[in-house]
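Notes follow once the structure below has been shown.
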There are 2 protein chains.
Amino acid sequence: MRERKPTRRVSVKDVAARSGVSFQTTSKVLNGGGSVSDVTRARILQAASDLGYVPNLQARSLVMQRTLTVGLIAGDFSDPGLSRCLAGAEAEARRQGYGLMLTSIEPEGSGTEYAMPAMMERRVDGILLAAPQMEDDPALPHVLDPMLPIVSINHIAGGAVTEVTADDEQAGDLATRHLVARGHSVIGALTGVRGRRLTQSRQRGYRKALDHAQVDAQPELVEEAGDDVTGGEAALRRLIERRQDVTAIFCHHDLVAVGALSALRALGRRVPQDCAVVGCDGLDSAAYTSPPLTTVRVPFYEIGAEAMRVLLKMIGAGTVGAPPTRLPVHLMVRSTT
Amino acid sequence: MRERKPTRRVSVKDVAARSGVSFQTTSKVLNGGGSVSDVTRARILQAASDLGYVPNLQARSLVMQRTLTVGLIAGDFSDPGLSRCLAGAEAEARRQGYGLMLTSIEPEGSGTEYAMPAMMERRVDGILLAAPQMEDDPALPHVLDPMLPIVSINHIAGGAVTEVTADDEQAGDLATRHLVARGHSVIGALTGVRGRRLTQSRQRGYRKALDHAQVDAQPELVEEAGDDVTGGEAALRRLIERRQDVTAIFCHHDLVAVGALSALRALGRRVPQDCAVVGCDGLDSAAYTSPPLTTVRVPFYEIGAEAMRVLLKMIGAGTVGAPPTRLPVHLMVRSTT
DNA sequence: ACCTCAAAGGCGAACGTTCGCTTACCCGCG
DNA sequence: CGCGGGTAAGCGAACGTTCGCCTTTGAGGT
């Protein structure tokens with residue numbers, strides 16, 4: 001419980017005083033620039049290190065008009081996919097010498113109206129959006145600064161925001177083709193949150209694969225499951241009740257697949273003999289379900305890193321807006337198919 | 001790809017100009033203080049909103065000598081426990097009007113020597129440490145600023161850092177007592193990373209419970225498993241090979257338990273009939289193993305939130321250092337015991 | 001001895017705030 | 001009519017930087 005001494009931190013003036021030059025010269029040295037004799041340079045550097053000088057980025061930002069900081073507005077950190085993505089974004093920012101201001105918004109999407117101003121007050125150089133619920137937020141376009149580089153890993157209404165996502169249509173296609181190749185033709189789909197671009201894309205991939213295999217897409221084989229285990233469990237029961245004859249299921253999310261697996265077991269159907277299951281997302285935990293889940297791996301870490309790369313490039317170039325990026329996904333065959 | 005106009009943001013001077021007063025008066029109004037007539041106040045507020053004025057926190061920090069920002073140095077974000085903790089810390093910081101600067105360090109613990117200066121440059125008001133690997137870092141004490149409030153959710157050598165953790169001894173005790181109560185007496189332990197305080201505490205709880213039940217703690221029933229699935233799998237095999245007679249196992253981490261479960265199945269032992277298993281951490285995914293894992297739930301979110309609360313209190317009071325906090329854990333009985 | 005020129009370093013301003021003082025004014029009072 | 005007191009607003013400085021430009025110095029050439 002020591003009292004904190006109100007000692008102010010050492011500034012470039014302190015360093016200057018100790019080395020007997022003006023603080024401007026000190027600044028020159030510390031930034032590598034200017035013409036300064038080797039001897040004074042050495043003296044200044046020595047003084048700086050003696051005093052433990054740490055430059056004040058706030059002050060520097062003030063005159064430079066940039067903070068070397070980007071904001072990241074996230075949905076739920078507990079989402080494993082989003083966590084990976086965050087890890088990728090943070091690592092890339094750090095690699096390029098940028099700091100990361102983190103904030104999150106509520107699951108209902110409320111909070112954007114606070115999160116954005118908080119970022120603006122801190123004068124971040126750009127913003128990375130990583131909150132799926134933003135897609136549904138009608139207020140978002142109003143609160144977006146059109147002059148600030150923004151990249152999102154989700155779809156954002158209005159089209160003004162650069163997007164870096166996985167190729168979700170490919171994901172649905174890959175999963176479904178795999179089931180077709182295993183000889184299935186009555187293939188159900190347990191979708192993600194209705195209305196989301198992500199869901200639509202994966203569903204498009206699913207239909208595309210069916211189309212390609214010349215089997216009819218039947219609406220009653222599709223059920224909305226959301227993105228968690230209980231949703232998957234419930235949706236599977238509804239689906240089975242309607243269509244006892246399904247022999248394979250494409251789940252939009254691994255957690256939904258976990259729920260489906262558990263419901264299938266409860267219903268006494270063996271996986272994969274009676275019913276095959278393929279998930280989507282590629283969570284670590286999908287490798288340890290029983291049986292281990294066949295899934296489509298989405299490169300979350302890479303998405304985060306690439307999104308940050310795009311954002312920093314925009315910041316560097318002084319532009320806002322860039323063409324969207326879609327990263328490829330990969331099928332990981334395990335034991336549920 | 002629109003070019004970004006180099007238009008400078010609106011400052012209090014702009015607002016002042018538009019409302020015909022000095023910028024200092026404008027500042028007064030915007031901060032609620034000072035004596036200003038209602039009419040000019042209204043005029044200024046109007047101008048500010050017309051112009052879309054957003055205060056510059058950098059400039060404010062410069063004169064106020066505080067940034068309303070705390071730093072968070074994390075280990076791997078992909079760790080689900082750490083993610084929850086991060087969520088709790090972020091929510092609490094936001095609730096109290098603080099921003100969060102996030103950075104992470106490498107698994108080997110390297111990176112601290114970069115992370116700390118990065119935080120100092122940005123003049124954060126305090127730092128939250130959330131990286132288990134820091135415990136092993138001998139360089140850490142040197143790079144810690146003794147004047148800055150710091151809280152950690154892991155043990156930090158030197159004792160200078162305030163700690164907010166779960167009651168890990170209780171966790172080990174609870175888990176082991178539960179197994180004893182189920183009638184077991186040959187109880188193995190699959191520990192976390194050797195040498196870590198966390199592991200030592202949980203192990204102490206394990207021995208305490210055995211002691212209490214008057215059964216001897218036998219060293220050959222203890223095996224180091226680390227903190228992941230493969231570690232758990234391998235450790236279980238080593239353990240079983242040595243002691244075929246174990247009927248129950250306490251795993252220091254849920255992921256280790258997942259590995260143990262899968263190894264037990266491979267060895268043809270039924271859970272819980274032939275061998276009971278209890279995990280520790282309380283991950284979401286533990287509810288969906290088969291059979292669902294009995295585990296001790298660690299309140300990660302609360303730990304993060306409480307750590308942030310303690311940190312902000314230290315910042316507010318201008319003190320550095322506070323007594324450690326230990327949060328209680330809870331046993332969640334499911335089907336592996 | 002004079003002029004030129006480059007190198008080394010200093011100076012002032014600016015970035016956008018907050019804060020303590022001073023000034024200008026209006027009011028009522030003795 | 002002069003004075004104290006309160007209210008409204010302005011002024012100057014400070015926070016810690018960067019940056020463009022100016023001054024000083026000394027060496028080299030003629």
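Numbering starts fresh at 1 for the residues of each chain in the structure tokens, the chains themselves are lettered A, B, ... in the order given, and ligands are numbered from 1 as they appear.
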Residues of chain A within 6 Å of chain C: nearest atom pair and distance (Å, one decimal) for each, counting only C-alpha atoms (C1' of nucleotides), sorted by chain and number, as a tab-separated table?
```
residue	atom	partner	partner_atom	distance
A:Val36	CA	C:DA8	C1'	5.8
A:Leu62	CA	C:DC15	C1'	4.9
A:Val63	CA	C:DC15	C1'	4.4
```
> What residues in chain B lie within 8 Å of chain A, counting only C-alpha atoms, written as a PyMOL selection string?
Replying inline: chain B and resi 1-5+54-59+61-62+76-78+80+83-84+86-87+90-91+94+99-104+117-118+120-123+147+258+262+285+288-290+318-322
Export of the given selection (C-alpha atoms) as a compact mmCIF listing (two decimals), in the first residue's frame:
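Ended up saving to out_29.txt:
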```txt
# COMPACT_ATOMS: atom_id res chain seq x y z
CA MET B 1 -9.91 3.52 -52.94
CA ARG B 2 -10.98 7.11 -52.35
CA GLU B 3 -8.14 9.39 -51.38
CA ARG B 4 -8.46 10.59 -47.85
CA LYS B 5 -8.75 14.34 -47.57
CA VAL B 54 -14.89 15.04 -30.55
CA PRO B 55 -12.44 15.93 -27.78
CA ASN B 56 -8.85 14.86 -28.19
CA LEU B 57 -7.92 12.59 -25.31
CA GLN B 58 -4.24 12.73 -26.23
CA ALA B 59 -4.06 16.45 -25.62
CA SER B 61 -3.86 13.41 -21.15
CA LEU B 62 -0.86 15.60 -21.75
CA ASP B 76 -2.19 -16.68 -25.63
CA PHE B 77 -5.66 -15.29 -26.44
CA SER B 78 -6.66 -18.67 -27.75
CA PRO B 80 -10.45 -20.06 -23.41
CA SER B 83 -10.34 -15.09 -23.09
CA ARG B 84 -13.07 -15.07 -20.47
CA LEU B 86 -10.03 -10.68 -20.83
CA ALA B 87 -13.75 -10.23 -21.36
CA GLU B 90 -12.50 -5.24 -20.58
CA ALA B 91 -16.10 -4.96 -19.44
CA ARG B 94 -15.30 0.10 -19.98
CA GLY B 99 -9.76 2.30 -22.34
CA LEU B 100 -7.78 -0.89 -22.80
CA MET B 101 -4.48 -1.21 -24.64
CA LEU B 102 -3.89 -4.81 -25.49
CA THR B 103 -0.71 -6.63 -26.29
CA SER B 104 0.55 -10.15 -25.97
CA PRO B 117 8.10 -0.21 -22.93
CA ALA B 118 5.26 -0.10 -25.45
CA MET B 120 5.05 2.96 -20.90
CA GLU B 121 5.39 4.98 -24.09
CA ARG B 122 1.64 5.26 -24.19
CA ARG B 123 1.63 6.31 -20.56
CA MET B 147 5.81 3.50 -9.57
CA VAL B 258 -10.29 -34.52 -22.38
CA SER B 262 -9.89 -40.28 -24.90
CA SER B 285 -16.58 -27.46 -23.74
CA TYR B 288 -19.97 -31.65 -23.97
CA THR B 289 -17.35 -34.32 -23.61
CA SER B 290 -18.65 -37.85 -23.49
CA GLY B 318 -2.71 6.82 -6.20
CA THR B 319 -1.22 3.83 -4.44
CA VAL B 320 0.74 0.90 -5.76
CA GLY B 321 0.40 -2.50 -4.16
CA ALA B 322 -2.56 -4.13 -2.44
```
>> Using only C-alpha atoms (C1' of nucleotides) and a cut-off of 10 Å, which residues of chain D sit close to chain B? Please list them as number ranges by chain.
In response: D: 7-11, 14-16
So that I have them on file, write out the residues from the current selection with C-alpha atoms (C1' of nucleotides), as a short mmCIF file (atom, residue, chain, number, x, y, z; two decimals), in the first residue's frame.
```cif
data_model
loop_
_atom_site.label_atom_id
_atom_site.label_comp_id
_atom_site.auth_asym_id
_atom_site.auth_seq_id
_atom_site.Cartn_x
_atom_site.Cartn_y
_atom_site.Cartn_z
"C1'" DT D 7 -20.83 36.56 -12.41
"C1'" DA D 8 -19.14 36.00 -17.19
"C1'" DA D 9 -15.49 35.63 -20.04
"C1'" DG D 10 -10.60 36.08 -21.53
"C1'" DC D 11 -5.64 35.46 -21.02
"C1'" DA D 14 1.89 24.50 -19.26
"C1'" DC D 15 1.94 19.48 -20.79
"C1'" DG D 16 6.02 16.87 -24.18
#
```
> Contacts of range 238-246 of chain A at 6 Å or less, counting only C-alpha atoms (C1' of nucleotides), minus same-chain residues fewer than 2 places along, as a PyMOL selection string?
Replying inline: chain A and resi 186-187+235-236+248
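For the atom pair formed by CA of Asp14 in chain B and CA of Gly52 in chain B, the distance is 10.6 Å, given to one decimal.
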DSSP alpha helix (DSSP H) residues within range 64-228 of chain A, listed as a PDB file with C-alpha atoms, in the first residue's frame:
```
ATOM      1  CA  MET A  64       2.388  14.140 -35.796  1.00  0.00           C
ATOM      2  CA  PRO A  80     -13.028 -19.176 -29.879  1.00  0.00           C
ATOM      3  CA  GLY A  81     -13.011 -18.114 -33.524  1.00  0.00           C
ATOM      4  CA  LEU A  82     -13.017 -14.470 -32.643  1.00  0.00           C
ATOM      5  CA  SER A  83     -10.249 -15.038 -30.124  1.00  0.00           C
ATOM      6  CA  ARG A  84      -8.012 -16.557 -32.758  1.00  0.00           C
ATOM      7  CA  CYS A  85      -8.806 -13.698 -35.033  1.00  0.00           C
ATOM      8  CA  LEU A  86      -7.943 -11.220 -32.327  1.00  0.00           C
ATOM      9  CA  ALA A  87      -4.656 -13.020 -31.797  1.00  0.00           C
ATOM     10  CA  GLY A  88      -3.807 -12.699 -35.482  1.00  0.00           C
ATOM     11  CA  ALA A  89      -4.729  -9.048 -35.622  1.00  0.00           C
ATOM     12  CA  GLU A  90      -2.790  -8.202 -32.497  1.00  0.00           C
ATOM     13  CA  ALA A  91       0.313 -10.033 -33.648  1.00  0.00           C
ATOM     14  CA  GLU A  92       0.308  -8.277 -36.993  1.00  0.00           C
ATOM     15  CA  ALA A  93      -0.255  -4.857 -35.452  1.00  0.00           C
ATOM     16  CA  ARG A  94       2.578  -5.436 -33.033  1.00  0.00           C
ATOM     17  CA  ARG A  95       4.846  -6.605 -35.820  1.00  0.00           C
ATOM     18  CA  THR A 112     -21.619   0.711 -30.946  1.00  0.00           C
ATOM     19  CA  GLU A 113     -22.764   4.229 -30.243  1.00  0.00           C
ATOM     20  CA  TYR A 114     -20.370   4.265 -27.286  1.00  0.00           C
ATOM     21  CA  ALA A 115     -17.572   2.227 -28.737  1.00  0.00           C
ATOM     22  CA  MET A 116     -17.020   4.369 -31.814  1.00  0.00           C
ATOM     23  CA  PRO A 117     -16.759   7.712 -29.989  1.00  0.00           C
ATOM     24  CA  ALA A 118     -14.394   6.129 -27.474  1.00  0.00           C
ATOM     25  CA  MET A 119     -12.134   5.187 -30.374  1.00  0.00           C
ATOM     26  CA  MET A 120     -12.440   8.597 -31.989  1.00  0.00           C
ATOM     27  CA  GLU A 121     -11.563  10.394 -28.765  1.00  0.00           C
ATOM     28  CA  LEU A 140     -23.932   1.820 -37.553  1.00  0.00           C
ATOM     29  CA  PRO A 141     -23.554   3.754 -40.823  1.00  0.00           C
ATOM     30  CA  HIS A 142     -24.394   6.989 -38.997  1.00  0.00           C
ATOM     31  CA  VAL A 143     -21.712   6.579 -36.427  1.00  0.00           C
ATOM     32  CA  ASP A 168     -17.943 -19.009 -46.756  1.00  0.00           C
ATOM     33  CA  GLU A 169     -19.628 -20.143 -49.915  1.00  0.00           C
ATOM     34  CA  GLN A 170     -16.668 -22.394 -50.535  1.00  0.00           C
ATOM     35  CA  ALA A 171     -17.039 -23.694 -46.985  1.00  0.00           C
ATOM     36  CA  GLY A 172     -20.636 -24.768 -47.556  1.00  0.00           C
ATOM     37  CA  ASP A 173     -19.748 -26.199 -50.928  1.00  0.00           C
ATOM     38  CA  LEU A 174     -16.774 -28.184 -49.651  1.00  0.00           C
ATOM     39  CA  ALA A 175     -18.707 -29.664 -46.744  1.00  0.00           C
ATOM     40  CA  THR A 176     -21.674 -30.676 -48.846  1.00  0.00           C
ATOM     41  CA  ARG A 177     -19.641 -32.054 -51.738  1.00  0.00           C
ATOM     42  CA  HIS A 178     -17.811 -34.204 -49.234  1.00  0.00           C
ATOM     43  CA  LEU A 179     -21.121 -35.652 -48.043  1.00  0.00           C
ATOM     44  CA  VAL A 180     -22.253 -36.210 -51.618  1.00  0.00           C
ATOM     45  CA  ALA A 181     -18.981 -37.954 -52.372  1.00  0.00           C
ATOM     46  CA  ARG A 197     -24.451 -12.825 -44.577  1.00  0.00           C
ATOM     47  CA  LEU A 198     -22.313 -15.612 -43.165  1.00  0.00           C
ATOM     48  CA  THR A 199     -25.302 -17.932 -43.008  1.00  0.00           C
ATOM     49  CA  GLN A 200     -26.479 -16.963 -46.449  1.00  0.00           C
ATOM     50  CA  SER A 201     -23.078 -17.642 -47.976  1.00  0.00           C
ATOM     51  CA  ARG A 202     -22.628 -21.038 -46.379  1.00  0.00           C
ATOM     52  CA  GLN A 203     -26.143 -21.913 -47.370  1.00  0.00           C
ATOM     53  CA  ARG A 204     -25.428 -20.809 -50.935  1.00  0.00           C
ATOM     54  CA  GLY A 205     -22.450 -23.144 -50.974  1.00  0.00           C
ATOM     55  CA  TYR A 206     -24.632 -25.963 -49.697  1.00  0.00           C
ATOM     56  CA  ARG A 207     -27.187 -25.456 -52.478  1.00  0.00           C
ATOM     57  CA  LYS A 208     -24.488 -25.071 -55.062  1.00  0.00           C
ATOM     58  CA  ALA A 209     -23.012 -28.450 -54.153  1.00  0.00           C
ATOM     59  CA  LEU A 210     -26.441 -30.094 -54.233  1.00  0.00           C
ATOM     60  CA  ASP A 211     -27.094 -28.497 -57.578  1.00  0.00           C
ATOM     61  CA  HIS A 212     -23.832 -29.755 -58.909  1.00  0.00           C
TER      62      HIS A 212
END
```
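Selecting strand (DSSP E) from the backbone DSSP output for range 40-149 of chain A yields Thr69, Val70, Gly71, Leu72, Ile73, Ala74, Gly99, Leu100, Met101, Leu102, Thr103, Ser104, Gly126, Ile127, Leu128, Leu129 and Ala130 of chain A.
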